[in-house]
>>> print(open('model00.cif').read())   # mmCIF, C-alpha atoms
data_structure
#
loop_
_atom_site.group_PDB
_atom_site.id
_atom_site.type_symbol
_atom_site.label_atom_id
_atom_site.label_comp_id
_atom_site.auth_asym_id
_atom_site.auth_seq_id
_atom_site.Cartn_x
_atom_site.Cartn_y
_atom_site.Cartn_z
ATOM 1 C CA MET Z 75 -30.899 15.899 11.619
ATOM 2 C CA ASN Z 76 -27.721 14.573 13.212
ATOM 3 C CA ILE Z 77 -25.997 11.182 12.967
ATOM 4 C CA THR Z 78 -23.223 9.658 15.064
ATOM 5 C CA SER Z 79 -21.462 6.323 15.455
ATOM 6 C CA ARG Z 80 -19.022 5.060 18.047
ATOM 7 C CA ALA Z 81 -17.752 2.511 15.499
ATOM 8 C CA ILE Z 82 -17.102 4.748 12.508
ATOM 9 C CA THR Z 83 -16.009 8.364 12.766
ATOM 10 C CA ALA Z 84 -16.585 11.019 10.125
ATOM 11 C CA ASP Z 85 -13.544 11.809 7.985
ATOM 12 C CA ALA Z 86 -11.536 9.003 9.620
ATOM 13 C CA PRO Z 87 -10.524 5.482 8.539
ATOM 14 C CA ILE Z 88 -13.108 2.748 9.106
ATOM 15 C CA PRO Z 89 -11.691 0.148 11.527
ATOM 16 C CA LEU Z 90 -10.846 -3.165 9.854
ATOM 17 C CA ARG Z 91 -13.412 -5.199 11.843
ATOM 18 C CA TYR Z 92 -16.260 -3.516 9.887
ATOM 19 C CA ALA Z 93 -14.750 -4.514 6.511
ATOM 20 C CA GLU Z 94 -15.391 -7.663 4.497
ATOM 21 C CA PRO Z 95 -13.442 -10.841 5.404
ATOM 22 C CA GLY Z 96 -11.632 -10.703 2.051
ATOM 23 C CA VAL Z 97 -9.575 -7.773 3.356
ATOM 24 C CA GLY Z 98 -9.244 -9.186 6.874
ATOM 25 C CA GLY Z 99 -12.428 -7.810 8.419
ATOM 26 C CA GLU Z 100 -15.332 -9.374 10.308
ATOM 27 C CA ASN Z 101 -18.154 -7.648 8.360
ATOM 28 C CA ILE Z 102 -19.803 -6.296 11.518
ATOM 29 C CA SER Z 103 -22.369 -3.559 10.948
ATOM 30 C CA PRO Z 104 -21.596 -0.293 12.740
ATOM 31 C CA ASP Z 105 -23.757 1.249 15.430
ATOM 32 C CA LEU Z 106 -25.649 4.388 14.403
ATOM 33 C CA GLU Z 107 -27.591 6.952 16.386
ATOM 34 C CA TRP Z 108 -29.583 9.858 14.999
ATOM 35 C CA SER Z 109 -31.606 12.763 16.320
ATOM 36 C CA ASP Z 110 -33.620 15.842 15.381
ATOM 37 C CA ALA Z 111 -35.800 14.166 12.756
ATOM 38 C CA PRO Z 112 -38.173 16.482 10.898
ATOM 39 C CA ALA Z 113 -41.787 16.799 11.994
ATOM 40 C CA GLY Z 114 -43.946 14.153 10.341
ATOM 41 C CA THR Z 115 -41.232 11.479 10.251
ATOM 42 C CA ARG Z 116 -42.872 8.054 10.228
ATOM 43 C CA SER Z 117 -39.893 5.863 9.303
ATOM 44 C CA PHE Z 118 -36.197 5.956 8.459
ATOM 45 C CA MET Z 119 -33.918 4.541 5.793
ATOM 46 C CA VAL Z 120 -30.230 3.832 6.470
ATOM 47 C CA THR Z 121 -27.742 3.487 3.626
ATOM 48 C CA CYS Z 122 -24.018 3.216 3.047
ATOM 49 C CA PHE Z 123 -22.680 4.029 -0.414
ATOM 50 C CA ASP Z 124 -19.177 4.102 -1.926
ATOM 51 C CA PRO Z 125 -19.091 6.453 -4.939
ATOM 52 C CA ASP Z 126 -15.426 5.593 -5.605
ATOM 53 C CA ALA Z 127 -16.036 1.948 -6.532
ATOM 54 C CA PRO Z 128 -14.670 1.171 -10.004
ATOM 55 C CA THR Z 129 -18.095 0.146 -11.324
ATOM 56 C CA GLY Z 130 -18.908 3.510 -12.874
ATOM 57 C CA SER Z 131 -21.976 3.830 -10.639
ATOM 58 C CA GLY Z 132 -20.586 3.309 -7.140
ATOM 59 C CA TRP Z 133 -21.335 0.465 -4.717
ATOM 60 C CA TRP Z 134 -24.192 0.043 -2.246
ATOM 61 C CA HIS Z 135 -23.001 -1.465 1.041
ATOM 62 C CA TRP Z 136 -26.170 -1.196 3.135
ATOM 63 C CA VAL Z 137 -29.819 -0.390 2.503
ATOM 64 C CA VAL Z 138 -32.323 -0.649 5.360
ATOM 65 C CA THR Z 139 -35.866 0.741 5.154
ATOM 66 C CA ASP Z 140 -39.005 0.789 7.267
ATOM 67 C CA ILE Z 141 -37.171 1.559 10.501
ATOM 68 C CA PRO Z 142 -40.018 2.771 12.743
ATOM 69 C CA GLY Z 143 -40.171 6.530 13.281
ATOM 70 C CA GLY Z 144 -39.699 6.203 17.040
ATOM 71 C CA VAL Z 145 -36.373 4.386 16.659
ATOM 72 C CA THR Z 146 -33.253 6.548 16.874
ATOM 73 C CA ALA Z 147 -30.440 3.980 16.932
ATOM 74 C CA ILE Z 148 -29.154 0.678 15.578
ATOM 75 C CA PRO Z 149 -26.700 -1.278 17.742
ATOM 76 C CA GLU Z 150 -23.388 -2.546 16.431
ATOM 77 C CA GLY Z 151 -23.925 -5.889 14.729
ATOM 78 C CA GLY Z 152 -27.726 -5.511 14.904
ATOM 79 C CA PRO Z 153 -30.354 -6.625 15.384
ATOM 80 C CA LEU Z 154 -32.458 -4.309 13.287
ATOM 81 C CA PRO Z 155 -35.668 -2.987 14.837
ATOM 82 C CA ALA Z 156 -38.870 -4.993 14.370
ATOM 83 C CA GLY Z 157 -40.448 -4.183 11.015
ATOM 84 C CA ALA Z 158 -37.244 -2.963 9.372
ATOM 85 C CA ARG Z 159 -36.359 -4.454 6.006
ATOM 86 C CA THR Z 160 -32.884 -4.833 4.564
ATOM 87 C CA TRP Z 161 -32.224 -5.025 0.840
ATOM 88 C CA PRO Z 162 -29.523 -6.719 -1.231
ATOM 89 C CA THR Z 163 -26.240 -4.854 -1.397
ATOM 90 C CA ASP Z 164 -24.147 -4.794 -4.531
ATOM 91 C CA TYR Z 165 -22.447 -7.895 -3.114
ATOM 92 C CA GLY Z 166 -25.746 -9.663 -3.807
ATOM 93 C CA TYR Z 167 -26.842 -10.327 -0.228
ATOM 94 C CA ALA Z 168 -29.026 -8.351 2.188
ATOM 95 C CA GLY Z 169 -27.508 -6.761 5.270
ATOM 96 C CA TRP Z 170 -24.320 -4.859 5.969
ATOM 97 C CA GLY Z 171 -21.637 -5.399 3.351
ATOM 98 C CA GLY Z 172 -18.449 -3.866 4.675
ATOM 99 C CA PRO Z 173 -15.720 -2.162 2.689
ATOM 100 C CA TYR Z 174 -13.647 -4.231 0.245
ATOM 101 C CA PRO Z 175 -12.166 -1.804 -2.258
ATOM 102 C CA PRO Z 176 -9.421 -2.794 -4.663
ATOM 103 C CA PRO Z 177 -5.863 -1.817 -3.694
ATOM 104 C CA GLY Z 178 -5.226 1.880 -4.139
ATOM 105 C CA PRO Z 179 -6.389 5.135 -2.593
ATOM 106 C CA ALA Z 180 -8.948 5.150 0.210
ATOM 107 C CA HIS Z 181 -12.606 5.097 -0.810
ATOM 108 C CA HIS Z 182 -15.258 7.375 0.697
ATOM 109 C CA TYR Z 183 -18.174 5.660 2.458
ATOM 110 C CA HIS Z 184 -21.307 7.804 2.794
ATOM 111 C CA VAL Z 185 -23.332 6.625 5.806
ATOM 112 C CA LYS Z 186 -26.764 8.236 5.668
ATOM 113 C CA VAL Z 187 -30.023 8.284 7.613
ATOM 114 C CA THR Z 188 -33.093 9.543 5.762
ATOM 115 C CA ALA Z 189 -36.409 10.508 7.373
ATOM 116 C CA LEU Z 190 -39.482 9.375 5.420
ATOM 117 C CA ASP Z 191 -43.153 10.363 5.557
ATOM 118 C CA VAL Z 192 -44.493 6.775 5.379
ATOM 119 C CA ASP Z 193 -44.474 3.911 7.898
ATOM 120 C CA ARG Z 194 -43.546 1.316 5.290
ATOM 121 C CA LEU Z 195 -42.495 1.582 1.669
ATOM 122 C CA ASP Z 196 -44.967 0.128 -0.784
ATOM 123 C CA VAL Z 197 -42.353 -2.249 -2.176
ATOM 124 C CA ALA Z 198 -42.517 -6.045 -2.458
ATOM 125 C CA ASP Z 199 -40.096 -7.926 -0.219
ATOM 126 C CA ASP Z 200 -38.374 -9.443 -3.261
ATOM 127 C CA ALA Z 201 -37.826 -6.087 -4.994
ATOM 128 C CA SER Z 202 -34.369 -4.777 -5.767
ATOM 129 C CA SER Z 203 -32.471 -2.384 -3.562
ATOM 130 C CA ALA Z 204 -32.611 0.155 -6.392
ATOM 131 C CA PHE Z 205 -36.414 -0.022 -6.459
ATOM 132 C CA ALA Z 206 -36.614 0.411 -2.676
ATOM 133 C CA ARG Z 207 -34.301 3.458 -2.848
ATOM 134 C CA LEU Z 208 -36.266 4.933 -5.749
ATOM 135 C CA THR Z 209 -39.564 4.484 -3.928
ATOM 136 C CA ALA Z 210 -38.088 6.072 -0.797
ATOM 137 C CA SER Z 211 -36.972 9.103 -2.834
ATOM 138 C CA PHE Z 212 -40.627 10.173 -3.167
ATOM 139 C CA HIS Z 213 -41.062 10.270 0.629
ATOM 140 C CA ILE Z 214 -37.989 12.142 1.910
ATOM 141 C CA LEU Z 215 -38.473 14.700 4.671
ATOM 142 C CA GLY Z 216 -34.787 15.172 5.451
ATOM 143 C CA SER Z 217 -31.484 13.380 5.817
ATOM 144 C CA THR Z 218 -28.072 13.502 7.416
ATOM 145 C CA GLU Z 219 -24.827 11.739 6.594
ATOM 146 C CA PHE Z 220 -21.170 11.475 7.341
ATOM 147 C CA VAL Z 221 -18.311 10.183 5.220
ATOM 148 C CA ALA Z 222 -15.651 7.770 6.469
ATOM 149 C CA LEU Z 223 -12.671 6.302 4.633
ATOM 150 C CA PHE Z 224 -11.288 2.842 3.969
ATOM 151 C CA ALA Z 225 -8.278 1.692 1.974
ATOM 152 C CA ASN Z 226 -7.513 -1.921 1.158
ATOM 153 C CA PRO Z 227 -4.727 -3.011 3.562
ATOM 154 C CA ALA Z 228 -2.921 -4.577 0.584
ATOM 155 C CA SER Z 229 -2.465 -1.074 -0.915
#
>>> encode(input="model00.cif", output="structure tokens")
Amino acid sequence: MNITSRAITADAPIPLRYAEPGVGGENISPDLEWSDAPAGTRSFMVTCFDPDAPTGSGWWHWVVTDIPGGVTAIPEGGPLPAGARTWPTDYGYAGWGGPYPPPGPAHHYHVKVTALDVDRLDVADDASSAFARLTASFHILGSTEFVALFANPAS
């Protein structure tokens, strides 16, 4: 599998507009495009995770599941494809939650697309993001990711 974005480039700083307003951003979700999904792919999951967050367990910035298997892109700022579900981030709301690290070194943001062997996860709409990710882990056919960087401008 391959993943690209015009908004966020691998191994490069994430532009401020995609960050949370608290650091001067607009919290706009990036565009993503993927290709070469494994045979049998019926849906996709998109995630963004910061393992450097000072929580001890990282920080989930985006969790989207049930993206239909025929979809290969998400436009900047959305909308998500029909049928897709988005789960609460560690900010406590569903949808893209842009970078907002504390001052200090740049954090690493893992943007990932995962191919799944089911059309829809058997997860209630009010379930946690962790439960959706756990359920998805039993259906993975393949994945691809890139890592981008963001440092708090106050650093």
>>> resolve_selection(input="model00.cif", expression="the PyMOL selection byres ((chain Z and resi 124) around 6)", output="PyMOL selection string")
chain Z and resi 123+125-127+132-133+182-183
>>> write_last_selection(input="model00.cif", atoms="C-alpha atoms", output="PDB file, keeping the file's coordinate frame")
ATOM      1  CA  PHE Z 123     -22.680   4.029  -0.414  1.00  0.00           C
ATOM      2  CA  PRO Z 125     -19.091   6.453  -4.939  1.00  0.00           C
ATOM      3  CA  ASP Z 126     -15.426   5.593  -5.605  1.00  0.00           C
ATOM      4  CA  ALA Z 127     -16.036   1.948  -6.532  1.00  0.00           C
ATOM      5  CA  GLY Z 132     -20.586   3.309  -7.140  1.00  0.00           C
ATOM      6  CA  TRP Z 133     -21.335   0.465  -4.717  1.00  0.00           C
ATOM      7  CA  HIS Z 182     -15.258   7.375   0.697  1.00  0.00           C
ATOM      8  CA  TYR Z 183     -18.174   5.660   2.458  1.00  0.00           C
TER       9      TYR Z 183
END
>>> atom_distance(input="model00.cif", atom1="CA of Gly216 in chain Z", atom2="CA of Trp161 in chain Z")
20.9 Å
>>> resolve_selection(input="model00.cif", expression="the PyMOL selection byres ((chain Z and resi 162-164) around 6)", output="PyMOL selection string")
chain Z and resi 133-136+161+165-168+203
>>> resolve_selection(input="model00.cif", expression="the PyMOL selection byres ((chain Z and resi 207) around 12)", output="PyMOL selection string")
chain Z and resi 118-123+134+136-140+160-163+188+190+195-197+201-206+208-214
>>> closest_residue(input="model00.cif", among="Z:Ala225, Z:Ala158, Z:Ala147, Z:Leu215", to="Ser79 in chain Z", atoms="only C-alpha atoms")
Z:Ala147
>>> residues_around(input="model00.cif", residues="Leu90 in chain Z", least_positions_apart="3", cutoff="9 Å", atoms="only C-alpha atoms", output="PDB file with C-alpha atoms, in the coordinates of the input")
ATOM      1  CA  PRO Z  87     -10.524   5.482   8.539  1.00  0.00           C
ATOM      2  CA  ALA Z  93     -14.750  -4.514   6.511  1.00  0.00           C
ATOM      3  CA  GLU Z  94     -15.391  -7.663   4.497  1.00  0.00           C
ATOM      4  CA  VAL Z  97      -9.575  -7.773   3.356  1.00  0.00           C
ATOM      5  CA  GLY Z  98      -9.244  -9.186   6.874  1.00  0.00           C
ATOM      6  CA  GLY Z  99     -12.428  -7.810   8.419  1.00  0.00           C
ATOM      7  CA  GLU Z 100     -15.332  -9.374  10.308  1.00  0.00           C
ATOM      8  CA  ASN Z 101     -18.154  -7.648   8.360  1.00  0.00           C
ATOM      9  CA  PRO Z 173     -15.720  -2.162   2.689  1.00  0.00           C
ATOM     10  CA  PHE Z 224     -11.288   2.842   3.969  1.00  0.00           C
ATOM     11  CA  PRO Z 227      -4.727  -3.011   3.562  1.00  0.00           C
TER      12      PRO Z 227
END
>>> atom_distance(input="model00.cif", atom1="CA of Tyr174 in chain Z", atom2="CA of Gly130 in chain Z")
16.1 Å
>>> closest_residue(input="model00.cif", among="Z:Pro175, Z:Gly152, Z:Gly144, Z:Pro104", to="Thr83 in chain Z", atoms="only C-alpha atoms")
Z:Pro104
>>> atom_distance(input="model00.cif", atom1="CA of Pro95 in chain Z", atom2="CA of Asn226 in chain Z")
11.5 Å
>>> closest_residue(input="model00.cif", among="Z:Ala180, Z:Val192, Z:Ile88, Z:Ala228", to="Ile141 in chain Z", atoms="all atoms listed in the file")
Z:Val192
>>> closest_residue(input="model00.cif", among="Z:Ala198, Z:Glu107, Z:Gly114, Z:Asn76", to="Pro149 in chain Z", atoms="all atoms listed in the file")
Z:Glu107
>>> build_atoms(input="model00.cif", residues="range 165-197 of chain Z", atoms="N, CA and C atoms", output="CSV table (one decimal), in the frame of the given file")
chain,number,residue,atom,x,y,z
Z,165,TYR,N,-23.1,-6.6,-3.2
Z,165,TYR,CA,-22.4,-7.9,-3.1
Z,165,TYR,C,-23.4,-9.0,-3.5
Z,166,GLY,N,-24.7,-8.7,-3.5
Z,166,GLY,CA,-25.7,-9.7,-3.8
Z,166,GLY,C,-26.5,-10.3,-2.6
Z,167,TYR,N,-26.1,-9.8,-1.4
Z,167,TYR,CA,-26.8,-10.3,-0.2
Z,167,TYR,C,-27.4,-9.1,0.6
Z,168,ALA,N,-28.4,-9.4,1.4
Z,168,ALA,CA,-29.0,-8.4,2.2
Z,168,ALA,C,-28.2,-8.2,3.5
Z,169,GLY,N,-28.2,-7.0,4.0
Z,169,GLY,CA,-27.5,-6.8,5.3
Z,169,GLY,C,-26.3,-5.9,5.0
Z,170,TRP,N,-25.5,-5.7,6.1
Z,170,TRP,CA,-24.3,-4.9,6.0
Z,170,TRP,C,-23.3,-5.6,5.1
Z,171,GLY,N,-22.7,-4.9,4.2
Z,171,GLY,CA,-21.6,-5.4,3.4
Z,171,GLY,C,-20.5,-4.4,3.5
Z,172,GLY,N,-19.5,-4.8,4.3
Z,172,GLY,CA,-18.4,-3.9,4.7
Z,172,GLY,C,-17.5,-3.5,3.5
Z,173,PRO,N,-16.6,-2.6,3.7
Z,173,PRO,CA,-15.7,-2.2,2.7
Z,173,PRO,C,-14.8,-3.3,2.2
Z,174,TYR,N,-14.6,-3.3,0.9
Z,174,TYR,CA,-13.6,-4.2,0.2
Z,174,TYR,C,-13.2,-3.6,-1.1
Z,175,PRO,N,-12.6,-2.4,-1.0
Z,175,PRO,CA,-12.2,-1.8,-2.3
Z,175,PRO,C,-10.9,-2.5,-2.8
Z,176,PRO,N,-10.7,-2.3,-4.1
Z,176,PRO,CA,-9.4,-2.8,-4.7
Z,176,PRO,C,-8.2,-2.0,-4.1
Z,177,PRO,N,-7.0,-2.6,-4.2
Z,177,PRO,CA,-5.9,-1.8,-3.7
Z,177,PRO,C,-5.8,-0.5,-4.4
Z,178,GLY,N,-5.3,0.5,-3.6
Z,178,GLY,CA,-5.2,1.9,-4.1
Z,178,GLY,C,-5.6,2.9,-3.1
Z,179,PRO,N,-6.0,4.1,-3.5
Z,179,PRO,CA,-6.4,5.1,-2.6
Z,179,PRO,C,-7.6,4.8,-1.8
Z,180,ALA,N,-7.8,5.4,-0.6
Z,180,ALA,CA,-8.9,5.2,0.2
Z,180,ALA,C,-10.2,5.5,-0.5
Z,181,HIS,N,-11.3,4.8,-0.3
Z,181,HIS,CA,-12.6,5.1,-0.8
Z,181,HIS,C,-13.4,5.8,0.3
Z,182,HIS,N,-14.4,6.6,-0.2
Z,182,HIS,CA,-15.3,7.4,0.7
Z,182,HIS,C,-16.6,6.6,0.9
Z,183,TYR,N,-16.9,6.4,2.1
Z,183,TYR,CA,-18.2,5.7,2.5
Z,183,TYR,C,-19.2,6.6,3.1
Z,184,HIS,N,-20.3,6.9,2.4
Z,184,HIS,CA,-21.3,7.8,2.8
Z,184,HIS,C,-22.3,7.0,3.6
Z,185,VAL,N,-22.4,7.3,4.9
Z,185,VAL,CA,-23.3,6.6,5.8
Z,185,VAL,C,-24.4,7.6,6.0
Z,186,LYS,N,-25.7,7.3,5.7
Z,186,LYS,CA,-26.8,8.2,5.7
Z,186,LYS,C,-28.0,7.7,6.3
Z,187,VAL,N,-28.7,8.6,7.1
Z,187,VAL,CA,-30.0,8.3,7.6
Z,187,VAL,C,-31.0,9.3,7.0
Z,188,THR,N,-32.1,8.7,6.4
Z,188,THR,CA,-33.1,9.5,5.8
Z,188,THR,C,-34.4,9.4,6.5
Z,189,ALA,N,-35.1,10.5,6.8
Z,189,ALA,CA,-36.4,10.5,7.4
Z,189,ALA,C,-37.5,10.5,6.3
Z,190,LEU,N,-38.4,9.6,6.4
Z,190,LEU,CA,-39.5,9.4,5.4
Z,190,LEU,C,-40.9,9.7,6.0
Z,191,ASP,N,-41.8,10.0,5.1
Z,191,ASP,CA,-43.2,10.4,5.6
Z,191,ASP,C,-44.1,9.2,5.5
Z,192,VAL,N,-43.6,8.0,5.4
Z,192,VAL,CA,-44.5,6.8,5.4
Z,192,VAL,C,-44.0,5.8,6.4
Z,193,ASP,N,-44.9,4.9,6.9
Z,193,ASP,CA,-44.5,3.9,7.9
Z,193,ASP,C,-43.7,2.8,7.2
Z,194,ARG,N,-44.1,2.4,6.0
Z,194,ARG,CA,-43.5,1.3,5.3
Z,194,ARG,C,-43.6,1.6,3.8
Z,195,LEU,N,-42.5,1.4,3.1
Z,195,LEU,CA,-42.5,1.6,1.7
Z,195,LEU,C,-43.4,0.6,1.0
Z,196,ASP,N,-44.1,1.0,0.0
Z,196,ASP,CA,-45.0,0.1,-0.8
Z,196,ASP,C,-44.1,-0.6,-1.8
Z,197,VAL,N,-43.3,-1.5,-1.3
Z,197,VAL,CA,-42.4,-2.2,-2.2
Z,197,VAL,C,-42.4,-3.7,-1.8
